[in-house]
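J.: My file is structure_22.tsv. It has TSV, C-alpha atoms:
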chain	number	residue	atom	x	y	z
P	2	MET	CA	30.64	38.30	83.77
P	3	LYS	CA	28.47	35.45	85.05
P	4	LYS	CA	26.74	35.29	81.64
P	5	ILE	CA	30.01	35.24	79.66
P	6	LEU	CA	31.56	32.38	81.64
P	7	PRO	CA	28.97	29.75	80.63
P	8	ILE	CA	29.28	30.79	76.99
P	9	PHE	CA	33.08	30.49	77.16
P	10	LEU	CA	32.84	27.08	78.81
P	11	ALA	CA	30.37	25.95	76.16
P	12	ILE	CA	32.71	27.03	73.35
P	13	LEU	CA	35.66	25.36	75.07
P	14	GLY	CA	33.65	22.19	75.46
P	15	ALA	CA	32.63	22.24	71.79
P	16	VAL	CA	36.23	22.63	70.71
P	17	ALA	CA	37.27	19.80	72.99
P	18	LEU	CA	34.52	17.60	71.63
P	19	PHE	CA	35.61	18.45	68.06
P	20	PHE	CA	39.20	17.39	68.70
P	21	ILE	CA	38.05	14.25	70.53
P	22	TYR	CA	35.85	13.42	67.54
P	23	LYS	CA	38.74	14.03	65.14
P	24	LYS	CA	40.97	11.83	67.29
P	25	LEU	CA	38.44	9.04	67.48
P	26	ASN	CA	37.41	9.37	63.83
P	27	PRO	CA	40.56	10.10	61.78
P	28	PRO	CA	40.19	10.58	57.98
P	29	LYS	CA	40.27	7.35	56.08
P	30	LEU	CA	42.26	6.81	52.89
P	31	PRO	CA	39.90	6.28	49.92
P	32	PRO	CA	40.21	2.78	48.39
P	33	ASN	CA	41.42	4.19	45.05
P	34	LEU	CA	44.45	5.86	46.65
P	35	VAL	CA	47.77	4.41	47.79
P	36	GLN	CA	49.79	6.47	50.27
P	37	ALA	CA	53.41	5.97	51.31
P	38	VAL	CA	56.37	7.97	52.54
P	39	GLY	CA	59.84	7.97	51.10
P	40	MET	CA	62.87	10.04	50.20
P	41	ILE	CA	63.59	12.21	47.18
P	42	ASP	CA	66.15	10.32	45.13
P	43	GLY	CA	67.75	10.74	41.72
P	44	ASP	CA	70.15	9.30	39.18
P	45	LEU	CA	73.59	10.23	40.43
P	46	ILE	CA	76.34	10.86	37.90
P	47	ARG	CA	79.77	9.75	39.02
P	48	LEU	CA	82.07	12.11	37.13
P	49	GLY	CA	85.24	10.08	36.65
P	50	THR	CA	88.37	9.94	34.55
P	51	LYS	CA	89.07	7.43	31.78
P	52	TYR	CA	92.82	7.81	32.25
P	53	PRO	CA	95.13	7.99	35.28
P	54	GLY	CA	96.21	11.42	36.43
P	55	LYS	CA	96.91	13.73	39.35
P	56	VAL	CA	94.19	16.17	40.41
P	57	GLN	CA	95.65	19.57	39.53
P	58	GLU	CA	92.49	21.64	39.98
P	59	GLN	CA	89.25	20.86	41.80
P	60	ARG	CA	86.37	23.32	41.43
P	61	ALA	CA	83.55	21.17	42.77
P	62	GLN	CA	81.87	22.10	46.05
P	63	ASP	CA	78.99	20.24	47.67
P	64	GLY	CA	75.67	21.73	46.53
P	65	MET	CA	77.29	23.95	43.90
P	66	PRO	CA	75.14	24.54	40.78
P	67	VAL	CA	76.86	23.60	37.52
P	68	GLN	CA	76.20	24.28	33.85
P	69	LYS	CA	76.61	21.75	31.07
P	70	SER	CA	80.25	21.56	29.85
P	71	GLN	CA	81.45	23.53	32.89
P	72	LEU	CA	84.93	22.53	34.08
P	73	ILE	CA	84.70	20.57	37.33
P	74	ALA	CA	88.24	19.27	37.75
P	75	ALA	CA	91.50	19.17	35.82
P	76	LEU	CA	94.00	16.32	35.98
P	77	ASP	CA	97.64	16.35	35.00
P	78	SER	CA	99.59	13.42	33.58
P	79	LYS	CA	103.33	13.65	33.01
P	80	GLU	CA	103.20	10.38	31.08
P	81	TYR	CA	100.78	11.70	28.43
P	82	GLN	CA	102.54	15.07	28.27
P	83	ALA	CA	105.80	13.22	27.55
P	84	GLN	CA	104.03	11.12	24.91
P	85	LYS	CA	102.78	14.29	23.24
P	86	ARG	CA	106.27	15.83	23.11
P	87	ALA	CA	107.72	12.59	21.70
P	88	VAL	CA	105.07	12.35	18.98
P	89	GLU	CA	105.52	16.03	18.05
P	90	ALA	CA	109.29	15.48	17.70
P	91	LYS	CA	108.65	12.40	15.55
P	92	ILE	CA	106.36	14.38	13.24
P	93	LYS	CA	109.00	17.08	12.86
P	94	ALA	CA	111.68	14.51	11.93
P	95	GLN	CA	109.35	12.77	9.45
P	96	GLU	CA	108.46	16.07	7.79
P	97	GLN	CA	112.15	16.90	7.38
P	98	GLU	CA	112.75	13.47	5.83
P	99	LYS	CA	109.82	14.01	3.48
P	100	ALA	CA	111.17	17.41	2.41
P	101	ALA	CA	114.57	15.85	1.60
P	102	ALA	CA	112.89	13.07	-0.41
P	103	ALA	CA	110.91	15.68	-2.35
P	104	VAL	CA	114.17	17.42	-3.31
P	105	ASP	CA	115.67	14.09	-4.45
P	106	LEU	CA	112.60	13.39	-6.56
P	107	ALA	CA	112.71	16.80	-8.23
P	108	ILE	CA	116.39	16.33	-9.11
P	109	ALA	CA	115.74	12.82	-10.46
P	110	GLN	CA	112.85	14.04	-12.59
P	111	LYS	CA	114.98	16.82	-14.09
P	112	SER	CA	117.93	14.50	-14.77
P	113	LEU	CA	115.78	11.86	-16.45
P	114	PRO	CA	117.23	11.20	-19.98
P	115	GLN	CA	115.31	13.03	-22.66
P	116	ASN	CA	115.71	10.08	-25.03
P	117	VAL	CA	113.15	8.03	-23.10
P	118	LYS	CA	110.32	9.17	-25.31
P	119	LYS	CA	112.59	9.13	-28.36
P	120	ALA	CA	113.60	5.53	-27.62
P	121	LYS	CA	109.97	4.50	-27.34
P	122	SER	CA	109.11	6.35	-30.53
P	123	SER	CA	112.14	4.94	-32.40
P	124	LEU	CA	111.37	1.41	-31.24
P	125	LYS	CA	107.77	1.71	-32.32
P	126	ALA	CA	108.74	3.14	-35.74
P	127	ASN	CA	111.39	0.46	-36.40
P	128	GLU	CA	109.01	-2.31	-35.38
P	129	ALA	CA	106.45	-0.91	-37.81
P	130	LYS	CA	109.09	-0.76	-40.56
P	131	LEU	CA	110.10	-4.33	-39.81
P	132	GLN	CA	106.52	-5.51	-40.18
P	133	GLU	CA	106.18	-3.70	-43.51
P	134	LEU	CA	109.56	-5.01	-44.69
P	135	GLN	CA	108.55	-8.54	-43.77
P	136	LYS	CA	105.48	-8.20	-45.97
P	137	ASN	CA	107.70	-7.08	-48.88
P	138	ILE	CA	110.07	-10.00	-48.25
P	139	ASP	CA	107.20	-12.48	-48.25
P	140	SER	CA	105.89	-11.03	-51.50
P	141	LEU	CA	109.32	-11.03	-53.16
P	142	LYS	CA	109.98	-14.61	-52.02
P	143	ALA	CA	106.87	-15.64	-53.90
P	144	VAL	CA	108.11	-13.75	-56.98
P	145	VAL	CA	111.54	-15.43	-56.80
P	146	ALA	CA	109.88	-18.82	-56.46
P	147	GLN	CA	107.85	-18.10	-59.58
P	148	ASP	CA	111.00	-16.84	-61.36
P	149	LYS	CA	112.69	-20.18	-60.66
P	150	LYS	CA	109.74	-22.08	-62.07
P	151	ASP	CA	109.68	-19.89	-65.18
P	152	TYR	CA	113.44	-20.24	-65.71
P	153	ASN	CA	113.29	-24.05	-65.40
P	154	ARG	CA	110.35	-24.19	-67.77
P	155	TYR	CA	112.17	-22.00	-70.33
P	156	LYS	CA	115.26	-24.24	-70.05
P	157	LYS	CA	113.16	-27.25	-71.01
P	158	LEU	CA	111.49	-25.40	-73.87
P	159	TYR	CA	114.83	-24.10	-75.15
P	160	ALA	CA	116.29	-27.62	-75.03
P	161	GLN	CA	113.39	-28.72	-77.23
P	162	ASN	CA	114.05	-25.76	-79.60
P	163	LEU	CA	110.59	-24.42	-78.84
P	164	ILE	CA	111.73	-20.89	-77.81
P	165	GLN	CA	114.51	-18.55	-78.70
P	166	LYS	CA	117.59	-18.18	-76.47
P	167	HIS	CA	116.96	-14.54	-75.56
P	168	LEU	CA	113.73	-15.56	-73.79
P	169	LEU	CA	115.69	-17.99	-71.65
P	170	GLU	CA	118.24	-15.27	-70.94
P	171	GLN	CA	115.50	-12.85	-69.89
P	172	ALA	CA	114.12	-15.41	-67.46
P	173	ARG	CA	117.57	-15.98	-65.98
P	174	LEU	CA	118.27	-12.27	-65.59
P	175	LYS	CA	114.88	-11.68	-63.96
P	176	LEU	CA	115.58	-14.49	-61.48
P	177	ILE	CA	118.99	-13.04	-60.62
P	178	SER	CA	117.55	-9.51	-60.27
P	179	ASP	CA	114.73	-10.60	-57.97
P	180	GLN	CA	117.12	-12.72	-55.88
P	181	ASN	CA	119.40	-9.69	-55.46
P	182	ARG	CA	116.41	-7.56	-54.43
P	183	LEU	CA	115.40	-10.23	-51.91
P	184	LYS	CA	118.93	-10.32	-50.52
P	185	ALA	CA	118.86	-6.53	-50.14
P	186	LEU	CA	115.58	-6.77	-48.24
P	187	TYR	CA	117.08	-9.37	-45.91
P	188	ASP	CA	120.03	-7.01	-45.30
P	189	GLN	CA	117.56	-4.23	-44.47
P	190	LYS	CA	115.76	-6.57	-42.10
P	191	LYS	CA	119.00	-7.40	-40.32
P	192	ALA	CA	119.82	-3.70	-39.98
P	193	LEU	CA	116.31	-2.97	-38.63
P	194	GLN	CA	116.59	-5.82	-36.12
P	195	SER	CA	119.89	-4.37	-34.90
P	196	ALA	CA	118.28	-0.92	-34.60
P	197	ILE	CA	115.36	-2.43	-32.68
P	198	GLU	CA	117.71	-4.18	-30.25
P	199	ALA	CA	119.57	-0.88	-29.72
P	200	ALA	CA	116.28	0.96	-29.13
P	201	ARG	CA	115.20	-1.71	-26.66
P	202	SER	CA	118.47	-1.37	-24.80
P	203	THR	CA	118.09	2.40	-24.67
P	204	LEU	CA	114.49	2.04	-23.50
P	205	ALA	CA	115.51	-0.47	-20.82
P	206	GLN	CA	118.06	1.99	-19.49
P	207	ALA	CA	115.49	4.78	-19.54
P	208	LYS	CA	112.98	2.55	-17.74
P	209	SER	CA	115.60	1.86	-15.10
P	210	GLU	CA	115.79	5.59	-14.52
P	211	LEU	CA	112.00	5.75	-14.45
P	212	LYS	CA	111.92	3.03	-11.79
P	213	ARG	CA	114.21	5.12	-9.61
P	214	VAL	CA	111.85	8.05	-9.97
P	215	GLU	CA	108.88	5.79	-9.20
P	216	ALA	CA	110.72	4.47	-6.15
P	217	LEU	CA	111.26	8.03	-4.93
P	218	GLU	CA	107.58	8.80	-5.54
P	219	ARG	CA	106.56	5.73	-3.53
P	220	LYS	CA	108.96	6.75	-0.77
P	221	LEU	CA	107.40	10.21	-0.70
P	222	GLN	CA	103.92	8.70	-0.49
P	223	ALA	CA	105.01	6.31	2.27
P	224	LEU	CA	106.49	9.19	4.25
P	225	GLY	CA	103.23	11.11	3.82
P	226	ALA	CA	101.30	8.11	5.13
P	227	LYS	CA	103.67	7.81	8.10
P	228	ILE	CA	103.21	11.48	8.95
P	229	LYS	CA	99.44	11.06	8.71
P	230	ALA	CA	99.54	8.05	11.05
P	231	THR	CA	101.80	9.87	13.51
P	232	LYS	CA	99.50	12.89	13.48
P	233	ALA	CA	96.62	10.53	14.24
P	234	ASN	CA	98.62	9.32	17.26
P	235	LEU	CA	99.14	12.94	18.27
P	236	ALA	CA	95.40	13.60	17.96
P	237	GLN	CA	94.76	10.57	20.17
P	238	VAL	CA	97.17	11.80	22.86
P	239	GLU	CA	95.68	15.30	22.66
P	240	ALA	CA	92.21	13.78	23.05
P	241	ILE	CA	93.41	11.98	26.18
P	242	LEU	CA	94.80	15.25	27.55
P	243	ARG	CA	91.48	16.96	26.81
P	244	ASP	CA	89.66	14.14	28.59
P	245	LEU	CA	91.75	14.91	31.67
P	246	ASN	CA	89.73	18.14	31.89
P	247	LEU	CA	86.55	16.78	33.44
P	248	THR	CA	83.44	18.78	32.57
P	249	SER	CA	79.84	18.46	33.67
P	250	PRO	CA	77.67	16.46	31.26
P	251	ILE	CA	74.50	18.03	32.68
P	252	GLU	CA	73.01	21.22	34.07
P	253	GLY	CA	72.45	20.48	37.72
P	254	PHE	CA	74.21	20.36	41.07
P	255	VAL	CA	77.25	18.86	42.74
P	256	VAL	CA	76.13	16.30	45.29
P	257	GLU	CA	79.57	15.54	46.70
P	258	LYS	CA	83.17	16.51	46.03
P	259	VAL	CA	85.11	13.24	46.10
P	260	ALA	CA	88.72	13.86	45.04
P	261	GLN	CA	91.10	16.44	46.48
P	262	VAL	CA	93.83	18.48	44.78
P	263	GLY	CA	97.05	16.47	44.60
P	264	GLU	CA	95.27	13.12	44.73
P	265	MET	CA	96.39	10.53	42.16
P	266	LEU	CA	93.42	8.90	40.45
P	267	PRO	CA	93.42	5.58	38.59
P	268	PRO	CA	91.30	4.97	35.47
P	269	GLY	CA	87.68	5.26	36.57
P	270	GLY	CA	88.57	7.41	39.58
P	271	VAL	CA	85.73	9.78	40.58
P	272	VAL	CA	86.25	13.50	41.24
P	273	ALA	CA	82.64	14.39	42.10
P	274	THR	CA	79.06	13.16	41.98
P	275	LEU	CA	76.47	15.26	40.15
P	276	ILE	CA	72.74	15.16	39.70
P	277	ASP	CA	70.33	16.54	37.14
P	278	PRO	CA	67.21	17.98	38.88
P	279	LYS	CA	65.10	16.65	36.01
P	280	THR	CA	65.93	13.11	37.16
P	281	LEU	CA	64.71	13.57	40.75
P	282	TYR	CA	61.90	11.30	41.89
P	283	LEU	CA	60.21	10.11	45.07
P	284	LYS	CA	60.96	6.51	45.94
P	285	ILE	CA	58.21	4.93	48.02
P	286	PHE	CA	57.52	1.36	49.10
P	287	VAL	CA	54.10	-0.28	48.86
P	288	ASP	CA	52.82	-3.63	50.05
P	289	THR	CA	51.94	-6.59	47.85
P	290	ILE	CA	48.22	-5.79	48.10
P	291	HIS	CA	48.62	-2.60	46.07
P	292	THR	CA	51.60	-3.51	43.90
P	293	GLY	CA	49.54	-5.41	41.37
P	294	LYS	CA	47.14	-2.49	41.06
P	295	ILE	CA	49.73	0.22	40.44
P	296	LYS	CA	50.74	0.66	36.80
P	297	ILE	CA	53.36	2.66	34.97
P	298	GLY	CA	51.81	6.02	34.07
P	299	ASP	CA	49.36	6.18	36.99
P	300	LYS	CA	48.75	9.70	38.28
P	301	GLY	CA	50.05	10.77	41.66
P	302	VAL	CA	51.10	13.69	43.83
P	303	ILE	CA	54.09	14.38	46.03
P	304	PHE	CA	53.92	16.34	49.29
P	305	LEU	CA	57.03	17.70	50.94
P	306	ASP	CA	56.89	17.91	54.73
P	307	ALA	CA	57.74	21.63	54.53
P	308	TYR	CA	54.95	22.32	52.02
P	309	PRO	CA	51.98	20.12	53.02
P	310	ASN	CA	49.51	22.21	50.99
P	311	ARG	CA	51.48	22.34	47.74
P	312	PRO	CA	50.92	19.08	45.84
P	313	ILE	CA	53.45	18.31	43.11
P	314	GLU	CA	51.90	16.48	40.17
P	315	ALA	CA	53.68	13.22	39.34
P	316	ARG	CA	53.33	9.92	37.54
P	317	VAL	CA	54.46	6.38	38.29
P	318	THR	CA	57.59	5.70	36.22
P	319	HIS	CA	58.81	2.47	37.80
P	320	VAL	CA	57.38	-0.46	39.74
P	321	ALA	CA	59.88	-3.00	41.08
P	322	GLN	CA	59.57	-6.57	39.84
P	323	LYS	CA	60.95	-8.10	43.02
P	324	ALA	CA	59.94	-7.53	46.62
P	325	GLU	CA	62.40	-6.59	49.35
P	326	PHE	CA	62.32	-6.46	53.12
P	327	THR	CA	60.79	-3.28	54.47
P	328	PRO	CA	63.59	-0.70	54.99
P	329	LYS	CA	63.88	0.62	58.55
P	330	GLU	CA	63.17	4.22	57.52
P	331	VAL	CA	59.98	3.26	55.63
P	332	ALA	CA	56.59	3.62	57.32
P	333	VAL	CA	53.79	1.22	56.37
P	334	ARG	CA	50.21	0.98	57.61
P	335	SER	CA	50.56	-2.49	59.09
P	336	ASP	CA	53.37	-3.91	61.20
P	337	ARG	CA	52.61	-7.29	59.66
P	338	ILE	CA	53.92	-6.14	56.27
P	339	GLN	CA	57.51	-7.33	55.97
P	340	ARG	CA	58.08	-7.30	52.21
P	341	VAL	CA	57.40	-4.31	49.99
P	342	TYR	CA	57.92	-3.17	46.40
P	343	ALA	CA	59.73	0.01	45.38
P	344	VAL	CA	57.72	2.50	43.30
P	345	LYS	CA	59.09	5.65	41.69
P	346	LEU	CA	56.97	8.79	41.43
P	347	THR	CA	58.49	11.28	38.98
P	348	PRO	CA	57.22	14.89	38.76
P	349	THR	CA	55.55	15.70	35.44
P	350	LYS	CA	57.86	18.74	35.22
P	351	PRO	CA	60.97	19.77	37.17
P	352	ASN	CA	60.18	21.39	40.51
P	353	PRO	CA	62.67	23.65	42.32
P	354	LEU	CA	61.33	22.56	45.71
P	355	LEU	CA	62.67	19.02	45.28
P	356	LYS	CA	66.06	18.36	46.83
P	357	LEU	CA	67.98	15.11	47.05
P	358	GLY	CA	67.35	13.33	50.35
P	359	LEU	CA	64.23	15.27	51.42
P	360	PRO	CA	61.50	13.18	53.08
P	361	ALA	CA	58.16	13.30	51.27
P	362	THR	CA	54.78	11.65	51.04
P	363	GLY	CA	53.55	10.13	47.81
P	364	VAL	CA	49.98	9.37	46.83
P	365	VAL	CA	49.03	7.29	43.78
P	366	SER	CA	45.54	7.18	42.29
P	367	LEU	CA	44.60	3.78	40.93
P	368	ASN	CA	41.92	5.29	38.68
P	369	GLY	CA	43.35	8.76	38.10
P	370	LYS	CA	40.78	10.45	40.34
P	371	GLY	CA	40.48	11.82	43.86
P	372	LEU	CA	44.05	12.95	44.41
P	373	PRO	CA	44.32	15.11	47.56
P	374	ARG	CA	45.24	18.79	47.49
P	375	SER	CA	46.69	18.77	51.01
P	376	LEU	CA	48.32	16.39	53.45
P	377	ASP	CA	45.53	17.27	55.89
P	378	GLU	CA	43.15	15.24	53.72
P	379	LEU	CA	45.18	12.10	54.41
P	380	PRO	CA	45.31	9.95	57.51
P	381	PRO	CA	48.67	9.91	59.29
P	382	LEU	CA	50.89	6.88	58.67
Would you encode the structure as structure tokens?
T.:
Amino acid sequence: MKKILPIFLAILGAVALFFIYKKLNPPKLPPNLVQAVGMIDGDLIRLGTKYPGKVQEQRAQDGMPVQKSQLIAALDSKEYQAQKRAVEAKIKAQEQEKAAAAVDLAIAQKSLPQNVKKAKSSLKANEAKLQELQKNIDSLKAVVAQDKKDYNRYKKLYAQNLIQKHLLEQARLKLISDQNRLKALYDQKKALQSAIEAARSTLAQAKSELKRVEALERKLQALGAKIKATKANLAQVEAILRDLNLTSPIEGFVVEKVAQVGEMLPPGGVVATLIDPKTLYLKIFVDTIHTGKIKIGDKGVIFLDAYPNRPIEARVTHVAQKAEFTPKEVAVRSDRIQRVYAVKLTPTKPNPLLKLGLPATGVVSLNGKGLPRSLDELPPL
């Protein structure tokens, strides 16, 4: 027993000396590393409504996991429901009006005079005949003019006893015959002109009927356009009603339920706040000495207080451009440091251990080397 006691005291003294040495010689932070503490933060999503409505159903609970497109809350709006009913009634009335116009058009098309095409054809044929007749008249006028010249010439020759009388008589008869033929052609022309005027009158009447049909066709088209526009209004109201069903835009968690069932929300009113775990990051604050050395993309690790030996690989994704006063909850190595810069350390891949609001320690390597594997390798802040 006397031999064991000195050995025990020696071991106890060695242990005491070891702890005294550790206390007097704490581990020092390598110059290529920057250490700071902070809180796990993330990009909160304020799930709100674009339109006013009363909360009819609220499924959100704090901490509840949600899937993308999952219903979070449903709002009810009597105003938009009434608008939908009014637009639906308007569409029904417009469709009935369109159906009646279609019946009117069908009747008008059937009752359209069949002589429309005949009038056009008759007018075209008579105009062609008139043109041809005018050519014959012009030709015969030239013949009659020549007959007159011949007759006058024969009269002079007969007076001089240079021709026989029957030649003069032949010239006179030819003149009279051609003049009668010319008169007959003029009579035909007058008759054709009368026929053309009648055909034009018939065609004008037929065109009047055609205009009524065209007016009915335009009315039918206008009613179709109105129905299309009204249906677009209905689609807009239905889209608003769908937007009153608020769904999660991400796969993540509910951070806080904000609105209660029965609560009336204005446009922009929030029903819950959500977060995507992939957006979680550690926000730390560093002094001005290290800020200029830290760059976007620098390697780092995150240590949670509950898991000091499980480093989470991360990279620097943000370095603040402006300094701010040191937050009360932030620990820094020197009490003289009053202004710090915010730095975000984002995990290289989502980690289930990270939770919003957890305290953590972040370490950034300025050269990408020497990152610790445990918090025990770091001096306490």
J.: Hey, which of P:Gln165, P:Thr362, P:Gln95, P:Ser122 ends up closest to Lys229 in chain P? Count all atoms listed in the file.
T.: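 Checking each of P:Gln165, P:Thr362, P:Gln95, P:Ser122 against Lys229 in chain P, counting all atoms listed in the file, the winner is P:Gln95.
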J.: Between P:Leu245, P:Ile92, P:Met40, P:Val145, single out the one closest to Lys227 in chain P, counting only C-alpha atoms.
T.: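 Between P:Leu245, P:Ile92, P:Met40, P:Val145, the residue approaching Lys227 in chain P most closely is P:Ile92.
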J.: CA of Asp42 in chain P and CA of Val255 in chain P, how far apart in Å?
T.: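 Result for CA of Val255 in chain P versus CA of Asp42 in chain P: 14.2 Å, one decimal.
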J.: Excluding Ala102 in chain P and any residue of its chain fewer than 5 positions from it, enumerate the residues within 9 Å of it, using all atoms listed in the file, and give them as a list in words.
T.: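 Residues near the query, excluding close chain neighbours: Gln97, Ala107, Leu217, Glu218, Lys220, Leu221 and Leu224 of chain P.
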J.: Please list as a list in words every residue within 10 Å of Pro268 in chain P, counting all atoms listed in the file and excluding residues in the same chain fewer than 3 positions away.
T.: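 Within the cut-off, the hits are Gly49, Thr50, Lys51, Tyr52, Pro53, Gly54 and Val271 of chain P.
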J.: So which residues fall inside 12 Å of (93.3, 13.9, 26.1) if we count only C-alpha atoms? Mind giving them as a PDB file with C-alpha atoms, keeping the file's coordinate frame?
T.:
ATOM      1  CA  THR P  50      88.370   9.940  34.550  1.00  0.00           C
ATOM      2  CA  LYS P  51      89.070   7.430  31.780  1.00  0.00           C
ATOM      3  CA  TYR P  52      92.820   7.810  32.250  1.00  0.00           C
ATOM      4  CA  PRO P  53      95.130   7.990  35.280  1.00  0.00           C
ATOM      5  CA  GLY P  54      96.210  11.420  36.430  1.00  0.00           C
ATOM      6  CA  ALA P  75      91.500  19.170  35.820  1.00  0.00           C
ATOM      7  CA  LEU P  76      94.000  16.320  35.980  1.00  0.00           C
ATOM      8  CA  ASP P  77      97.640  16.350  35.000  1.00  0.00           C
ATOM      9  CA  SER P  78      99.590  13.420  33.580  1.00  0.00           C
ATOM     10  CA  GLU P  80     103.200  10.380  31.080  1.00  0.00           C
ATOM     11  CA  TYR P  81     100.780  11.700  28.430  1.00  0.00           C
ATOM     12  CA  GLN P  82     102.540  15.070  28.270  1.00  0.00           C
ATOM     13  CA  GLN P  84     104.030  11.120  24.910  1.00  0.00           C
ATOM     14  CA  LYS P  85     102.780  14.290  23.240  1.00  0.00           C
ATOM     15  CA  ASN P 234      98.620   9.320  17.260  1.00  0.00           C
ATOM     16  CA  LEU P 235      99.140  12.940  18.270  1.00  0.00           C
ATOM     17  CA  ALA P 236      95.400  13.600  17.960  1.00  0.00           C
ATOM     18  CA  GLN P 237      94.760  10.570  20.170  1.00  0.00           C
ATOM     19  CA  VAL P 238      97.170  11.800  22.860  1.00  0.00           C
ATOM     20  CA  GLU P 239      95.680  15.300  22.660  1.00  0.00           C
ATOM     21  CA  ALA P 240      92.210  13.780  23.050  1.00  0.00           C
ATOM     22  CA  ILE P 241      93.410  11.980  26.180  1.00  0.00           C
ATOM     23  CA  LEU P 242      94.800  15.250  27.550  1.00  0.00           C
ATOM     24  CA  ARG P 243      91.480  16.960  26.810  1.00  0.00           C
ATOM     25  CA  ASP P 244      89.660  14.140  28.590  1.00  0.00           C
ATOM     26  CA  LEU P 245      91.750  14.910  31.670  1.00  0.00           C
ATOM     27  CA  ASN P 246      89.730  18.140  31.890  1.00  0.00           C
ATOM     28  CA  LEU P 247      86.550  16.780  33.440  1.00  0.00           C
TER      29      LEU P 247
END
J.: Leaving out Arg219 in chain P and any residue of its chain fewer than 6 positions from it, which residues lie within 12 Å of it when counting all atoms listed in the file, given as a PyMOL selection string?
T.: chain P and resi 99+102-103+106+212-213+225-226
J.: For CA of Leu275 in chain P and CA of Glu58 in chain P, determine how far apart the two atoms are, in Å to one decimal place.
T.: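 It comes out at 17.2 Å.
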J.: Between P:Pro351, P:Gly64, P:Gly363, P:Gly369, single out the one closest to Ile303 in chain P, counting only C-alpha atoms.
T.: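 Ranked by minimum distance to Ile303 in chain P, first place goes to P:Gly363.
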J.: Would you pick out the contacts of range 180-188 of chain P at 7 Å or less, using all atoms listed in the file, so that residues sharing its chain but fewer than 6 positions from it are not included, and give the list as an MDAnalysis selection string?
T.: chainID P and resid 138 141:142 145
J.: Using all atoms listed in the file, find the one residue out of P:Ile46, P:Ile73, P:Glu96, P:Ser123 that sits nearest to Ala260 in chain P.
T.: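 Of P:Ile46, P:Ile73, P:Glu96, P:Ser123, the one nearest Ala260 in chain P, counting all atoms listed in the file, is P:Ile73.
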J.: Set the distance at 12 Å and use only C-alpha atoms: which residues neighbour Ser202 in chain P once local chain neighbours fewer than 3 positions away are removed? I'd like the list as a list in words.
T.: Asn116, Val117, Ala120, Lys121, Ser123, Leu124, Ser195, Ala196, Ile197, Glu198, Ala199, Ala205, Gln206, Ala207, Lys208 and Ser209 of chain P
J.: Work out how far apart CA of Ile295 in chain P and CA of Leu367 in chain P are and give it in Å to one decimal.
T.: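 Here the two named atoms are 6.3 Å from each other.
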J.: Quick one: of P:Asp288, P:Lys279, P:Leu379, P:Tyr159, who's nearest to Arg340 in chain P, counting all atoms listed in the file?
T.: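 Comparing P:Asp288, P:Lys279, P:Leu379, P:Tyr159 against Arg340 in chain P, the winner is P:Asp288.
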J.: May I ask which of the residues P:Leu176, P:Ala143, P:Gln261, P:Gly43 is the closest one to Leu281 in chain P, counting all atoms listed in the file?
T.: P:Gly43
